[in-house]
file entry.csv (CSV, C-alpha atoms and all ligand atoms)
chain,number,residue,atom,x,y,z
U,1,MET,CA,-37.7,33.1,19.9
U,2,HIS,CA,-34.2,32.1,18.7
U,3,GLN,CA,-31.4,34.4,17.7
U,4,THR,CA,-29.3,33.2,14.9
U,5,ILE,CA,-25.7,32.7,15.8
U,6,ASN,CA,-22.9,32.7,13.2
U,7,THR,CA,-19.7,30.9,13.9
U,8,ALA,CA,-16.6,30.9,11.8
U,9,VAL,CA,-15.4,27.5,10.9
U,10,GLY,CA,-12.6,28.2,8.3
U,11,ILE,CA,-11.8,24.5,7.6
U,12,ASN,CA,-11.0,23.1,4.2
U,13,LEU,CA,-13.7,20.8,2.9
U,14,LEU,CA,-11.2,18.1,2.4
U,15,HIS,CA,-9.6,18.6,5.8
U,16,ALA,CA,-10.3,15.0,7.0
U,17,ASN,CA,-8.9,13.5,3.8
U,18,GLN,CA,-5.9,15.7,4.0
U,19,GLU,CA,-5.1,14.7,7.6
U,20,GLY,CA,-5.4,11.1,6.6
U,21,ALA,CA,-3.0,11.7,3.7
U,22,ASP,CA,-0.5,13.3,6.0
U,23,HIS,CA,-0.8,10.3,8.3
U,24,ASN,CA,-0.2,7.9,5.4
U,25,ARG,CA,2.9,9.9,4.3
U,26,ALA,CA,4.3,9.8,7.8
U,27,HIS,CA,4.1,6.0,7.7
U,28,PHE,CA,5.8,5.9,4.3
U,29,ASP,CA,8.5,8.3,5.5
U,30,ALA,CA,9.2,6.2,8.6
U,31,TRP,CA,9.6,3.1,6.4
U,32,GLY,CA,11.7,4.9,3.9
U,33,ILE,CA,9.1,4.4,1.1
U,34,THR,CA,8.5,6.8,-1.7
U,35,CYS,CA,4.8,6.8,-2.9
U,36,LEU,CA,3.7,7.9,-6.4
U,37,ASN,CA,0.1,8.4,-7.3
U,38,LEU,CA,-0.7,7.6,-10.9
U,39,MET,CA,-3.8,9.3,-12.3
U,40,SER,CA,-5.5,9.5,-15.7
U,41,SER,CA,-8.7,9.1,-17.6
U,42,PRO,CA,-10.0,5.5,-18.0
U,43,GLY,CA,-7.8,3.5,-20.3
U,44,ALA,CA,-4.9,6.0,-20.7
U,45,GLY,CA,-2.4,3.1,-20.0
U,46,LYS,CA,-1.7,3.2,-16.2
U,47,THR,CA,-1.7,-0.6,-15.8
U,48,ALA,CA,0.3,-1.1,-19.0
U,49,LEU,CA,2.9,1.4,-17.8
U,50,LEU,CA,3.0,-0.3,-14.4
U,51,GLU,CA,3.6,-3.7,-16.1
U,52,LYS,CA,6.7,-2.3,-17.9
U,53,THR,CA,7.8,-0.4,-14.7
U,54,LEU,CA,7.6,-3.5,-12.5
U,55,GLU,CA,9.4,-5.6,-15.1
U,56,ALA,CA,12.3,-3.0,-15.4
U,57,LEU,CA,12.6,-1.7,-11.8
U,58,SER,CA,11.5,-4.5,-9.5
U,59,PRO,CA,14.9,-6.2,-9.6
U,60,SER,CA,16.6,-3.0,-8.3
U,61,LEU,CA,13.8,-1.5,-6.2
U,62,LYS,CA,11.5,-3.2,-3.8
U,63,ILE,CA,8.1,-2.2,-5.0
U,64,ALA,CA,4.5,-2.7,-3.9
U,65,VAL,CA,1.4,-1.6,-5.8
U,66,ILE,CA,-1.9,-0.3,-4.5
U,67,GLU,CA,-4.5,-0.8,-7.1
U,68,GLY,CA,-7.7,1.2,-7.0
U,69,ASP,CA,-10.5,-0.3,-9.2
U,70,MET,CA,-14.2,0.4,-9.1
U,71,THR,CA,-15.3,-3.2,-9.3
U,72,THR,CA,-12.9,-5.8,-10.5
U,73,GLU,CA,-9.5,-7.2,-9.7
U,74,LEU,CA,-8.5,-7.5,-13.3
U,75,ASP,CA,-5.7,-4.9,-13.2
U,76,ALA,CA,-4.4,-6.3,-9.9
U,77,ASP,CA,-4.2,-9.8,-11.4
U,78,ARG,CA,-2.3,-8.4,-14.4
U,79,LEU,CA,0.3,-6.9,-12.1
U,80,ARG,CA,0.7,-9.9,-9.7
U,81,ARG,CA,2.4,-11.8,-12.5
U,82,TYR,CA,5.5,-9.6,-11.8
U,83,GLY,CA,6.0,-11.1,-8.4
U,84,VAL,CA,5.3,-7.9,-6.4
U,85,PRO,CA,2.6,-7.5,-3.7
U,86,VAL,CA,-0.5,-5.9,-5.2
U,87,ILE,CA,-3.1,-4.6,-2.8
U,88,ALA,CA,-6.4,-4.3,-4.6
U,89,ILE,CA,-8.8,-1.7,-3.2
U,90,ASN,CA,-12.4,-1.9,-4.4
U,91,THR,CA,-13.5,1.7,-4.4
U,92,GLY,CA,-17.1,0.8,-5.0
U,93,ARG,CA,-19.0,3.7,-6.4
U,94,SER,CA,-16.4,6.2,-5.5
U,95,CYS,CA,-14.6,7.6,-8.6
U,96,HIS,CA,-11.2,8.1,-6.9
U,97,LEU,CA,-9.1,6.7,-4.1
U,98,ASP,CA,-9.1,8.7,-0.9
U,99,SER,CA,-6.6,8.6,2.0
U,100,LYS,CA,-8.8,6.4,4.1
U,101,MET,CA,-8.9,3.7,1.5
U,102,VAL,CA,-5.2,3.9,1.0
U,103,ALA,CA,-4.7,3.7,4.8
U,104,GLY,CA,-6.5,0.4,4.6
U,105,GLY,CA,-4.1,-0.7,1.9
U,106,ILE,CA,-1.1,0.3,3.9
U,107,HIS,CA,-2.3,-1.7,6.9
U,108,ARG,CA,-2.6,-4.7,4.7
U,109,LEU,CA,1.0,-4.2,3.5
U,110,GLU,CA,2.1,-3.8,7.1
U,111,HIS,CA,0.3,-7.0,8.1
U,112,GLU,CA,1.5,-9.2,5.2
U,113,HIS,CA,5.0,-7.9,4.7
U,114,ASP,CA,7.8,-6.0,6.4
U,115,PRO,CA,7.1,-2.5,5.0
U,116,SER,CA,10.5,-1.1,6.0
U,117,THR,CA,12.1,-3.3,3.4
U,118,PHE,CA,10.2,-1.5,0.6
U,119,ASP,CA,11.5,1.4,-1.5
U,120,LEU,CA,8.5,2.3,-3.6
U,121,VAL,CA,4.7,2.2,-3.5
U,122,LEU,CA,2.9,2.8,-6.8
U,123,VAL,CA,-0.7,3.7,-6.5
U,124,GLU,CA,-2.9,3.3,-9.5
U,125,ASN,CA,-5.8,5.6,-9.0
U,126,VAL,CA,-9.3,5.1,-10.5
U,127,GLY,CA,-9.5,6.1,-14.1
U,128,ASN,CA,-11.0,9.6,-13.9
U,129,LEU,CA,-9.6,12.9,-15.2
U,130,VAL,CA,-11.4,15.1,-12.7
U,131,CYS,CA,-11.6,14.0,-9.0
U,132,PRO,CA,-8.4,12.1,-8.1
U,133,ALA,CA,-6.4,15.3,-8.2
U,134,GLU,CA,-8.3,16.8,-5.3
U,135,PHE,CA,-8.0,13.8,-3.0
U,136,GLU,CA,-4.4,13.3,-1.8
U,137,VAL,CA,-3.6,9.8,-0.6
U,138,GLY,CA,-0.2,10.4,1.0
U,139,GLU,CA,1.9,10.4,-2.1
U,140,HIS,CA,5.2,12.2,-2.5
U,141,ALA,CA,4.6,13.0,-6.1
U,142,LYS,CA,1.7,12.9,-8.6
U,143,VAL,CA,2.0,11.3,-12.0
U,144,ALA,CA,-0.6,12.1,-14.6
U,145,LEU,CA,-1.0,10.1,-17.8
U,146,LEU,CA,-2.6,11.5,-21.0
U,147,SER,CA,-2.8,9.2,-24.0
U,148,VAL,CA,-2.3,10.7,-27.5
U,149,THR,CA,-5.8,9.5,-28.5
U,150,GLU,CA,-7.4,11.8,-26.0
U,151,GLY,CA,-6.5,15.0,-27.9
U,152,GLU,CA,-4.4,18.0,-27.2
U,153,ASP,CA,-7.2,20.0,-25.7
U,154,LYS,CA,-7.8,17.8,-22.6
U,155,PRO,CA,-5.3,19.7,-20.3
U,156,LEU,CA,-7.2,22.9,-21.1
U,157,LYS,CA,-10.6,21.3,-20.4
U,158,TYR,CA,-9.6,19.3,-17.3
U,159,PRO,CA,-6.9,21.5,-15.9
U,160,ILE,CA,-6.7,20.5,-12.2
U,161,MET,CA,-4.9,17.2,-12.6
U,162,PHE,CA,-2.4,18.7,-15.0
U,163,ARG,CA,-1.8,21.6,-12.6
U,164,GLU,CA,-1.1,19.3,-9.7
U,165,ALA,CA,1.1,16.8,-11.5
U,166,ASN,CA,4.8,16.6,-10.9
U,167,CYS,CA,5.3,14.4,-13.9
U,168,LEU,CA,3.1,14.0,-17.1
U,169,LEU,CA,3.5,11.0,-19.3
U,170,ILE,CA,2.1,11.4,-22.8
U,171,THR,CA,1.2,7.7,-23.5
U,172,LYS,CA,0.6,5.5,-26.5
U,173,THR,CA,3.0,7.6,-28.7
U,174,ASP,CA,3.2,4.7,-31.1
U,175,LEU,CA,-0.3,5.7,-32.2
U,176,VAL,CA,0.7,9.2,-33.3
U,177,PRO,CA,1.1,8.3,-37.0
U,178,TYR,CA,-2.5,7.3,-37.1
U,179,LEU,CA,-3.9,10.4,-35.5
U,180,ASP,CA,-4.1,14.2,-36.1
U,181,VAL,CA,-2.9,15.0,-32.6
U,182,ASP,CA,-0.4,17.8,-32.3
U,183,LEU,CA,2.1,16.8,-29.6
U,184,GLN,CA,3.8,20.2,-29.5
U,185,GLN,CA,0.4,21.9,-28.9
U,186,LEU,CA,-0.4,19.3,-26.3
U,187,GLU,CA,2.8,20.1,-24.4
U,188,ALA,CA,2.3,23.8,-24.7
U,189,ASN,CA,-1.2,23.5,-23.3
U,190,VAL,CA,0.1,21.6,-20.3
U,191,ARG,CA,2.9,24.1,-19.7
U,192,GLN,CA,0.4,27.0,-19.7
U,193,ILE,CA,-1.2,25.4,-16.7
U,194,ASN,CA,1.9,24.0,-15.0
U,195,PRO,CA,5.2,25.4,-16.1
U,196,ARG,CA,7.2,23.2,-13.8
U,197,VAL,CA,5.9,19.7,-14.7
U,198,THR,CA,8.3,17.1,-16.2
U,199,ILE,CA,6.8,15.9,-19.5
U,200,ILE,CA,7.8,12.5,-20.8
U,201,PRO,CA,6.3,11.0,-24.0
U,202,VAL,CA,6.2,7.2,-23.8
U,203,SER,CA,4.9,4.1,-25.4
U,204,ALA,CA,4.4,1.0,-23.4
U,205,ARG,CA,3.9,-0.9,-26.7
U,206,THR,CA,7.3,0.0,-28.3
U,207,GLY,CA,9.2,1.0,-25.2
U,208,MET,CA,9.9,4.4,-26.5
U,209,GLY,CA,10.6,6.9,-23.7
U,210,LEU,CA,10.4,4.4,-21.0
U,211,GLU,CA,14.0,4.8,-20.0
U,212,ALA,CA,13.4,8.5,-19.3
U,213,TRP,CA,10.4,7.5,-17.1
U,214,PHE,CA,12.4,4.9,-15.2
U,215,ALA,CA,15.2,7.5,-14.6
U,216,TRP,CA,12.6,9.9,-13.3
U,217,VAL,CA,11.2,7.3,-10.9
U,218,GLN,CA,14.7,6.4,-9.7
U,219,ALA,CA,15.6,10.1,-9.2
U,220,THR,CA,12.4,10.7,-7.3
U,221,VAL,CA,13.0,7.7,-5.0
U,222,ALA,CA,16.6,9.0,-4.4
U,223,ALA,CA,15.4,12.6,-3.7
U,224,SER,CA,12.4,11.7,-1.6
U,225,PRO,CA,12.6,12.6,2.1
U,226,ALA,CA,11.6,9.0,2.7
U,227,ALA,CA,14.8,7.8,1.1
U,228,LEU,CA,16.9,9.8,3.5
U,229,THR,CA,15.2,8.4,6.6
U,230,PRO,CA,17.0,5.4,8.0
U,231,VAL,CA,14.8,2.5,8.8
U,232,ALA,CA,13.2,3.5,12.1
U,233,GLU,CA,10.9,0.7,13.1
Y,234,MET,CA,-20.4,11.9,-9.1
Y,235,HIS,CA,-17.5,13.5,-7.2
Y,236,GLU,CA,-20.0,15.9,-5.6
Y,237,VAL,CA,-21.2,12.9,-3.7
Y,238,ASP,CA,-17.7,12.4,-2.3
Y,239,MET,CA,-17.3,16.1,-1.6
Y,240,THR,CA,-20.6,16.2,0.3
Y,241,ARG,CA,-19.4,13.2,2.3
Y,242,ALA,CA,-16.2,15.0,3.0
Y,243,LEU,CA,-18.2,18.0,4.1
Y,244,ILE,CA,-20.4,16.0,6.5
Y,245,VAL,CA,-17.4,14.2,8.0
Y,246,THR,CA,-15.4,17.5,8.4
Y,247,LEU,CA,-18.3,19.3,10.0
Y,248,SER,CA,-19.2,16.5,12.3
Y,249,ASP,CA,-15.5,16.4,13.5
Y,250,TRP,CA,-15.6,20.1,14.0
Y,251,LEU,CA,-18.9,20.0,15.9
Y,252,ALA,CA,-17.5,17.3,18.2
Y,253,SER,CA,-14.6,19.6,19.1
Y,254,GLN,CA,-17.0,22.4,20.1
Y,255,SER,CA,-18.3,22.8,23.7
Y,256,GLU,CA,-21.9,22.4,22.6
Y,257,THR,CA,-23.4,20.8,19.6
Y,258,PRO,CA,-26.1,23.1,18.2
Y,259,GLN,CA,-28.5,22.3,15.4
Y,260,VAL,CA,-26.9,23.8,12.3
Y,261,SER,CA,-29.4,25.6,10.1
Y,262,LYS,CA,-27.1,26.9,7.4
Y,263,VAL,CA,-23.6,26.0,6.1
Y,264,HIS,CA,-21.6,28.7,4.2
Y,265,LEU,CA,-19.1,27.3,1.7
Y,266,VAL,CA,-16.5,29.0,-0.4
Y,267,VAL,CA,-15.9,27.2,-3.6
Y,268,GLY,CA,-13.3,28.3,-6.1
Y,269,GLU,CA,-14.0,28.2,-9.8
Y,270,PHE,CA,-10.7,26.3,-10.4
Y,271,THR,CA,-11.8,23.2,-8.5
Y,272,CYS,CA,-13.6,20.0,-9.5
Y,273,VAL,CA,-16.8,21.1,-7.7
Y,274,GLU,CA,-19.9,22.1,-9.5
Y,275,PRO,CA,-22.0,24.2,-7.1
Y,276,VAL,CA,-25.4,23.2,-8.6
Y,277,SER,CA,-24.5,19.5,-8.2
Y,278,LEU,CA,-23.2,20.1,-4.8
Y,279,GLN,CA,-26.4,21.7,-3.7
Y,280,PHE,CA,-28.3,18.7,-4.9
Y,281,ALA,CA,-26.0,16.2,-3.3
Y,282,PHE,CA,-26.1,18.1,0.0
Y,283,GLU,CA,-29.9,18.0,0.1
Y,284,VAL,CA,-30.0,14.3,-0.6
Y,285,GLN,CA,-27.1,13.1,1.6
Y,286,THR,CA,-27.9,15.2,4.7
Y,287,ARG,CA,-31.3,13.5,5.1
Y,288,GLY,CA,-31.3,11.5,8.3
Y,289,THR,CA,-28.0,13.1,9.5
Y,290,PHE,CA,-27.3,15.8,12.1
Y,291,LEU,CA,-27.4,18.3,9.1
Y,292,GLU,CA,-31.0,17.3,8.1
Y,293,GLY,CA,-32.9,20.4,7.1
Y,294,ALA,CA,-29.8,22.6,7.0
Y,295,THR,CA,-29.4,24.7,3.9
Y,296,LEU,CA,-26.2,25.2,1.9
Y,297,GLU,CA,-25.0,28.7,0.8
Y,298,ILE,CA,-22.2,28.6,-1.7
Y,299,GLN,CA,-20.1,31.6,-2.5
Y,300,GLU,CA,-18.0,31.1,-5.6
Y,301,THR,CA,-14.6,32.7,-6.1
Y,302,PRO,CA,-13.2,33.4,-9.5
Y,303,LEU,CA,-9.9,32.0,-10.8
Y,304,ILE,CA,-7.3,34.8,-10.5
Y,305,ALA,CA,-3.7,34.3,-11.4
Y,306,PHE,CA,-0.7,36.6,-10.9
Y,307,CYS,CA,1.8,37.2,-13.7
Y,308,HIS,CA,5.3,37.9,-12.3
Y,309,ARG,CA,6.6,39.4,-15.5
Y,310,CYS,CA,3.8,41.9,-15.8
Y,311,GLN,CA,3.4,42.3,-12.0
Y,312,GLN,CA,-0.3,42.1,-12.3
Y,313,GLU,CA,-3.3,39.9,-11.7
Y,314,TYR,CA,-5.3,38.4,-14.6
Y,315,ARG,CA,-8.3,36.2,-15.0
Y,316,PRO,CA,-7.5,33.1,-17.0
Y,317,GLU,CA,-10.3,31.8,-19.3
Y,318,ILE,CA,-11.0,28.3,-18.0
Y,319,GLY,CA,-11.0,25.7,-20.8
Y,320,ILE,CA,-9.4,28.1,-23.3
Y,321,GLN,CA,-6.4,30.0,-22.1
Y,322,TYR,CA,-4.4,30.1,-18.8
Y,323,ALA,CA,-1.3,32.0,-19.8
Y,324,CYS,CA,-1.0,35.7,-19.2
Y,325,PRO,CA,-3.0,37.5,-21.9
Y,326,ASP,CA,-0.4,40.3,-22.1
Y,327,CYS,CA,2.9,38.4,-22.2
Y,328,ARG,CA,1.9,34.8,-22.6
Y,329,SER,CA,3.8,33.7,-19.4
Y,330,PRO,CA,2.3,30.4,-18.1
Y,331,MET,CA,0.0,30.4,-15.1
Y,332,GLU,CA,2.4,30.4,-12.2
Y,333,ASP,CA,0.7,31.7,-9.0
Y,334,ILE,CA,-3.0,31.3,-8.3
Y,335,CYS,CA,-4.4,34.0,-6.0
Y,336,SER,CA,-8.0,32.8,-6.0
Y,337,GLY,CA,-10.1,30.0,-7.3
Y,338,ARG,CA,-8.7,26.9,-5.5
Y,339,GLU,CA,-10.8,27.4,-2.4
Y,340,LEU,CA,-12.9,24.6,-1.0
Y,341,LYS,CA,-13.7,25.9,2.4
Y,342,ILE,CA,-16.3,25.6,5.1
Y,343,ASP,CA,-16.5,29.3,6.0
Y,344,ARG,CA,-19.0,29.4,8.8
Y,345,VAL,CA,-22.2,27.9,10.1
Y,346,GLU,CA,-25.4,29.4,11.4
Y,347,TYR,CA,-27.5,27.9,14.2
Y,348,ALA,CA,-30.2,29.1,16.6
Y,349,GLY,CA,-29.0,30.4,19.9
Y,350,LYS,CA,-30.4,29.3,23.3
Y,351,GLU,CA,-33.6,30.9,24.7
Y,352,GLU,CA,-31.7,32.8,27.5
Y,353,GLU,CA,-29.1,34.1,25.1
Y,354,ALA,CA,-31.8,35.4,22.8
Y,355,GLY,CA,-33.7,36.9,25.7
Y,356,THR,CA,-30.7,38.9,27.0
Y,357,GLY,CA,-30.0,40.1,23.5
Y,358,GLY,CA,-32.8,42.7,23.7
Y,359,ALA,CA,-32.7,44.4,20.3
Y,360,GLY,CA,-31.0,41.3,18.9
Y,361,ALA,CA,-34.4,39.7,19.0
Y,362,ARG,CA,-35.2,41.4,15.8
Y,363,ASP,CA,-32.8,38.9,14.1
Y,364,SER,CA,-34.9,36.1,15.4
Y,365,VAL,CA,-35.9,33.2,13.2
U,401,LIG,N1,-1.0,1.2,-28.8
U,401,LIG,C1,-0.8,1.3,-27.5
U,401,LIG,N2,-1.8,0.8,-26.7
U,401,LIG,C2,-1.6,0.9,-25.3
U,401,LIG,C3,-0.4,1.4,-24.7
U,401,LIG,N3,-0.6,1.4,-23.4
U,401,LIG,C4,-1.8,0.8,-23.2
U,401,LIG,N4,-2.4,0.5,-24.3
U,401,LIG,C5,-3.8,-0.1,-24.4
U,401,LIG,O1,-4.7,0.8,-23.9
U,401,LIG,C6,-5.8,0.0,-23.3
U,401,LIG,C7,-5.9,0.5,-21.8
U,401,LIG,O2,-4.7,0.3,-21.1
U,401,LIG,P1,-4.6,0.1,-19.6
U,401,LIG,O3,-3.2,-0.1,-19.2
U,401,LIG,O4,-5.6,-1.0,-19.1
U,401,LIG,O5,-5.2,1.5,-19.1
U,401,LIG,P2,-5.6,2.0,-17.6
U,401,LIG,O6,-5.2,3.4,-17.6
U,401,LIG,O7,-4.9,1.1,-16.6
U,401,LIG,O8,-7.1,1.8,-17.6
U,401,LIG,P3,-8.1,1.8,-16.3
U,401,LIG,O9,-7.4,1.2,-15.1
U,401,LIG,O10,-9.3,1.0,-16.7
U,401,LIG,O11,-8.5,3.3,-16.2
U,401,LIG,C8,-5.3,-1.4,-23.4
U,401,LIG,O12,-6.0,-2.0,-24.5
U,401,LIG,C9,-3.8,-1.3,-23.6
U,401,LIG,O13,-3.4,-2.4,-24.4
U,401,LIG,C10,0.6,1.9,-25.6
U,401,LIG,O14,1.6,2.4,-25.3
U,401,LIG,N5,0.3,1.8,-27.0
U,402,MG,MG,-5.7,0.1,-15.0
U,403,ZN,ZN,2.2,38.7,-18.1

call {"tool": "encode", "arguments": {"input": "entry.csv", "output": "structure tokens"}}
result
Amino acid sequence: MHQTINTAVGINLLHANQEGADHNRAHFDAWGITCLNLMSSPGAGKTALLEKTLEALSPSLKIAVIEGDMTTELDADRLRRYGVPVIAINTGRSCHLDSKMVAGGIHRLEHEHDPSTFDLVLVENVGNLVCPAEFEVGEHAKVALLSVTEGEDKPLKYPIMFREANCLLITKTDLVPYLDVDLQQLEANVRQINPRVTIIPVSARTGMGLEAWFAWVQATVAASPAALTPVAE
Amino acid sequence: MHEVDMTRALIVTLSDWLASQSETPQVSKVHLVVGEFTCVEPVSLQFAFEVQTRGTFLEGATLEIQETPLIAFCHRCQQEYRPEIGIQYACPDCRSPMEDICSGRELKIDRVEYAGKEEEAGTGGAGARDSV
């Protein structure tokens, strides 16, 4: 005869991932690197935005990219043209990056370069509106992208990513004239869920709004605790 | 799809926790608390758990999921309210945006059940009625 014993655990389901994320962030902080995690549904324009960002900012900031892709290196190849290190992480069947995968990327960066010379690591997460928001990778800020073609109701239907985002980019605004999308309603829907988020409408095609995005990135790098830490290693 | 990853996270977290315990009992039941305002769908999680625990230390264990509702707190009205997920998150009385979340973001392994040792059960006396 066995008596049933009940033991309290009280641990977050994502505890192991969270510990890994904190560990990654400690590395970034020690190297004086700011890390941004870019998330969106598939095709919202993350890689197109990164292309413009590398073009504009890589002369003044030392940038590396960690590129999460389910199967291919297509996005990574697009970004390598800008002369920055691009570490491709094949996520396999996993629909998001986790802190362990990104730790692998960090170790490659450490192996192939001197990480203390970098200012900014841009992480392109797997295109998915649901999961990436729950799996921290060690970022200092989360950037969500929502393209105008997705419709103004998406923040209401998939609220977690919009709740967690520090910055929301409304992308492909050059397409607005061809659509019925109501941008004001879209912004209002996001604000209901996350009153503090910075919202920037952009078009990678025409360049509209990109200056505001670049300014946000530069301000975030300047304000990050990582930027204050002198090179330690 | 993400329930597969959540279940993997659950298995890793529990195996780490068990490794930190003085003994490693055979877990028969895992109690989870899952908030309504998370990306986890309890039905899918149940299914993923059944499939993914096969051949692991959790083989045969059952999963008990307690769901918690999304409850927000409106500072202006000084009261809690229940946002309607997918429709409306602002305060229904004053339209203030959803600021503080009191409940609904939980993703917690609350407790585990396992069978006690023979001697422990024996000394329990009346406790034997709880035997499995
Ligand atoms: N009109 C217009 N099209 C854009 C813009 N930005 C991106 N696109 C197009 O949208 C499509 C997807 O863009 P990507 O940059 O590959 O999107 P992504 O988010 O990186 O996609 P995944 O990594 O596959 O999730 C491509 O055909 C781009 O040319 C934009 O500002 N305007
Ligand atoms: Mg891409
Ligand atoms: Zn109110």

call {"tool": "atom_distance", "arguments": {"input": "entry.csv", "atom1": "CA of His235 (chain Y)", "atom2": "CA of Ser94 (chain U)"}}
result
7.6 Å

call {"tool": "residues_near_ligand", "arguments": {"input": "entry.csv", "ligand": "ligand LIG 401 (chain U)", "cutoff": "8 Å", "atoms": "all atoms listed in the file", "output": "count of residues only"}}
result
30

call {"tool": "closest_atom_pairs", "arguments": {"input": "entry.csv", "of": "chain U", "to": "chain Y", "cutoff": "9 Å", "atoms": "all atoms listed in the file", "output": "JSON lines"}}
result
{"residue": "U:Met1", "atom": "CA", "partner": "Y:Ser364", "partner_atom": "CA", "distance": 6.1}
{"residue": "U:His2", "atom": "CA", "partner": "Y:Ser364", "partner_atom": "CA", "distance": 5.2}
{"residue": "U:Gln3", "atom": "CA", "partner": "Y:Ser364", "partner_atom": "CA", "distance": 4.5}
{"residue": "U:Thr4", "atom": "CA", "partner": "Y:Ala348", "partner_atom": "CA", "distance": 4.5}
{"residue": "U:Ile5", "atom": "CA", "partner": "Y:Tyr347", "partner_atom": "CA", "distance": 5.4}
{"residue": "U:Asn6", "atom": "CA", "partner": "Y:Glu346", "partner_atom": "CA", "distance": 4.5}
{"residue": "U:Thr7", "atom": "CA", "partner": "Y:Arg344", "partner_atom": "CA", "distance": 5.4}
{"residue": "U:Ala8", "atom": "CA", "partner": "Y:Arg344", "partner_atom": "CA", "distance": 4.1}
{"residue": "U:Val9", "atom": "CA", "partner": "Y:Arg344", "partner_atom": "CA", "distance": 4.6}
{"residue": "U:Gly10", "atom": "CA", "partner": "Y:Asp343", "partner_atom": "CA", "distance": 4.7}
{"residue": "U:Ile11", "atom": "CA", "partner": "Y:Ile342", "partner_atom": "CA", "distance": 5.3}
{"residue": "U:Asn12", "atom": "CA", "partner": "Y:Lys341", "partner_atom": "CA", "distance": 4.3}
{"residue": "U:Leu13", "atom": "CA", "partner": "Y:Lys341", "partner_atom": "CA", "distance": 5.1}
{"residue": "U:Leu14", "atom": "CA", "partner": "Y:Ala242", "partner_atom": "CA", "distance": 5.9}
{"residue": "U:His15", "atom": "CA", "partner": "Y:Thr246", "partner_atom": "CA", "distance": 6.5}
{"residue": "U:Ala16", "atom": "CA", "partner": "Y:Thr246", "partner_atom": "CA", "distance": 5.8}
{"residue": "U:Asn17", "atom": "CA", "partner": "Y:Ala242", "partner_atom": "CA", "distance": 7.5}
{"residue": "U:Arg93", "atom": "CA", "partner": "Y:Met234", "partner_atom": "CA", "distance": 8.7}
{"residue": "U:Ser94", "atom": "CA", "partner": "Y:Asp238", "partner_atom": "CA", "distance": 7.1}
{"residue": "U:Cys95", "atom": "CA", "partner": "Y:His235", "partner_atom": "CA", "distance": 6.7}
{"residue": "U:His96", "atom": "CA", "partner": "Y:His235", "partner_atom": "CA", "distance": 8.3}
{"residue": "U:Val130", "atom": "CA", "partner": "Y:Cys272", "partner_atom": "CA", "distance": 6.3}
{"residue": "U:Cys131", "atom": "CA", "partner": "Y:His235", "partner_atom": "CA", "distance": 6.2}
{"residue": "U:Ala133", "atom": "CA", "partner": "Y:Cys272", "partner_atom": "CA", "distance": 8.7}
{"residue": "U:Glu134", "atom": "CA", "partner": "Y:Cys272", "partner_atom": "CA", "distance": 7.5}
{"residue": "U:Asp153", "atom": "CA", "partner": "Y:Gly319", "partner_atom": "CA", "distance": 8.4}
{"residue": "U:Lys154", "atom": "CA", "partner": "Y:Gly319", "partner_atom": "CA", "distance": 8.7}
{"residue": "U:Pro155", "atom": "CA", "partner": "Y:Gly319", "partner_atom": "CA", "distance": 8.3}
{"residue": "U:Leu156", "atom": "CA", "partner": "Y:Gly319", "partner_atom": "CA", "distance": 4.7}
{"residue": "U:Lys157", "atom": "CA", "partner": "Y:Gly319", "partner_atom": "CA", "distance": 4.4}
{"residue": "U:Tyr158", "atom": "CA", "partner": "Y:Gly319", "partner_atom": "CA", "distance": 7.4}
{"residue": "U:Pro159", "atom": "CA", "partner": "Y:Gly319", "partner_atom": "CA", "distance": 7.6}
{"residue": "U:Ile160", "atom": "CA", "partner": "Y:Thr271", "partner_atom": "CA", "distance": 6.9}
{"residue": "U:Asn189", "atom": "CA", "partner": "Y:Gln321", "partner_atom": "CA", "distance": 8.4}
{"residue": "U:Arg191", "atom": "CA", "partner": "Y:Pro330", "partner_atom": "CA", "distance": 6.5}
{"residue": "U:Gln192", "atom": "CA", "partner": "Y:Pro330", "partner_atom": "CA", "distance": 4.2}
{"residue": "U:Ile193", "atom": "CA", "partner": "Y:Met331", "partner_atom": "CA", "distance": 5.4}
{"residue": "U:Asn194", "atom": "CA", "partner": "Y:Met331", "partner_atom": "CA", "distance": 6.7}
{"residue": "U:Pro195", "atom": "CA", "partner": "Y:Pro330", "partner_atom": "CA", "distance": 6.1}
{"residue": "U:Arg196", "atom": "CA", "partner": "Y:Glu332", "partner_atom": "CA", "distance": 8.8}

call {"tool": "closest_residue", "arguments": {"input": "entry.csv", "among": "Y:Gln312, Y:Gln299, Y:Gln259, Y:Ser277", "to": "ligand ZN 403 (chain U)", "atoms": "only C-alpha atoms and all ligand atoms"}}
result
Y:Gln312

call {"tool": "atom_distance", "arguments": {"input": "entry.csv", "atom1": "CA of Leu79 (chain U)", "atom2": "CA of Ala141 (chain U)"}}
result
21.2 Å

call {"tool": "residues_near_ligand", "arguments": {"input": "entry.csv", "ligand": "ligand ZN 403 (chain U)", "cutoff": "7 Å", "atoms": "all atoms listed in the file", "output": "list in words"}}
result
Cys307, His308, Arg309, Cys310, Cys324, Pro325, Asp326, Cys327, Arg328 and Ser329 of chain Y

call {"tool": "write_last_selection", "arguments": {"input": "entry.csv", "atoms": "C-alpha atoms", "output": "compact mmCIF listing (two decimals), keeping the file's coordinate frame"}}
result
# COMPACT_ATOMS: atom_id res chain seq x y z
CA CYS Y 307 1.80 37.20 -13.70
CA HIS Y 308 5.30 37.90 -12.30
CA ARG Y 309 6.60 39.40 -15.50
CA CYS Y 310 3.80 41.90 -15.80
CA CYS Y 324 -1.00 35.70 -19.20
CA PRO Y 325 -3.00 37.50 -21.90
CA ASP Y 326 -0.40 40.30 -22.10
CA CYS Y 327 2.90 38.40 -22.20
CA ARG Y 328 1.90 34.80 -22.60
CA SER Y 329 3.80 33.70 -19.40
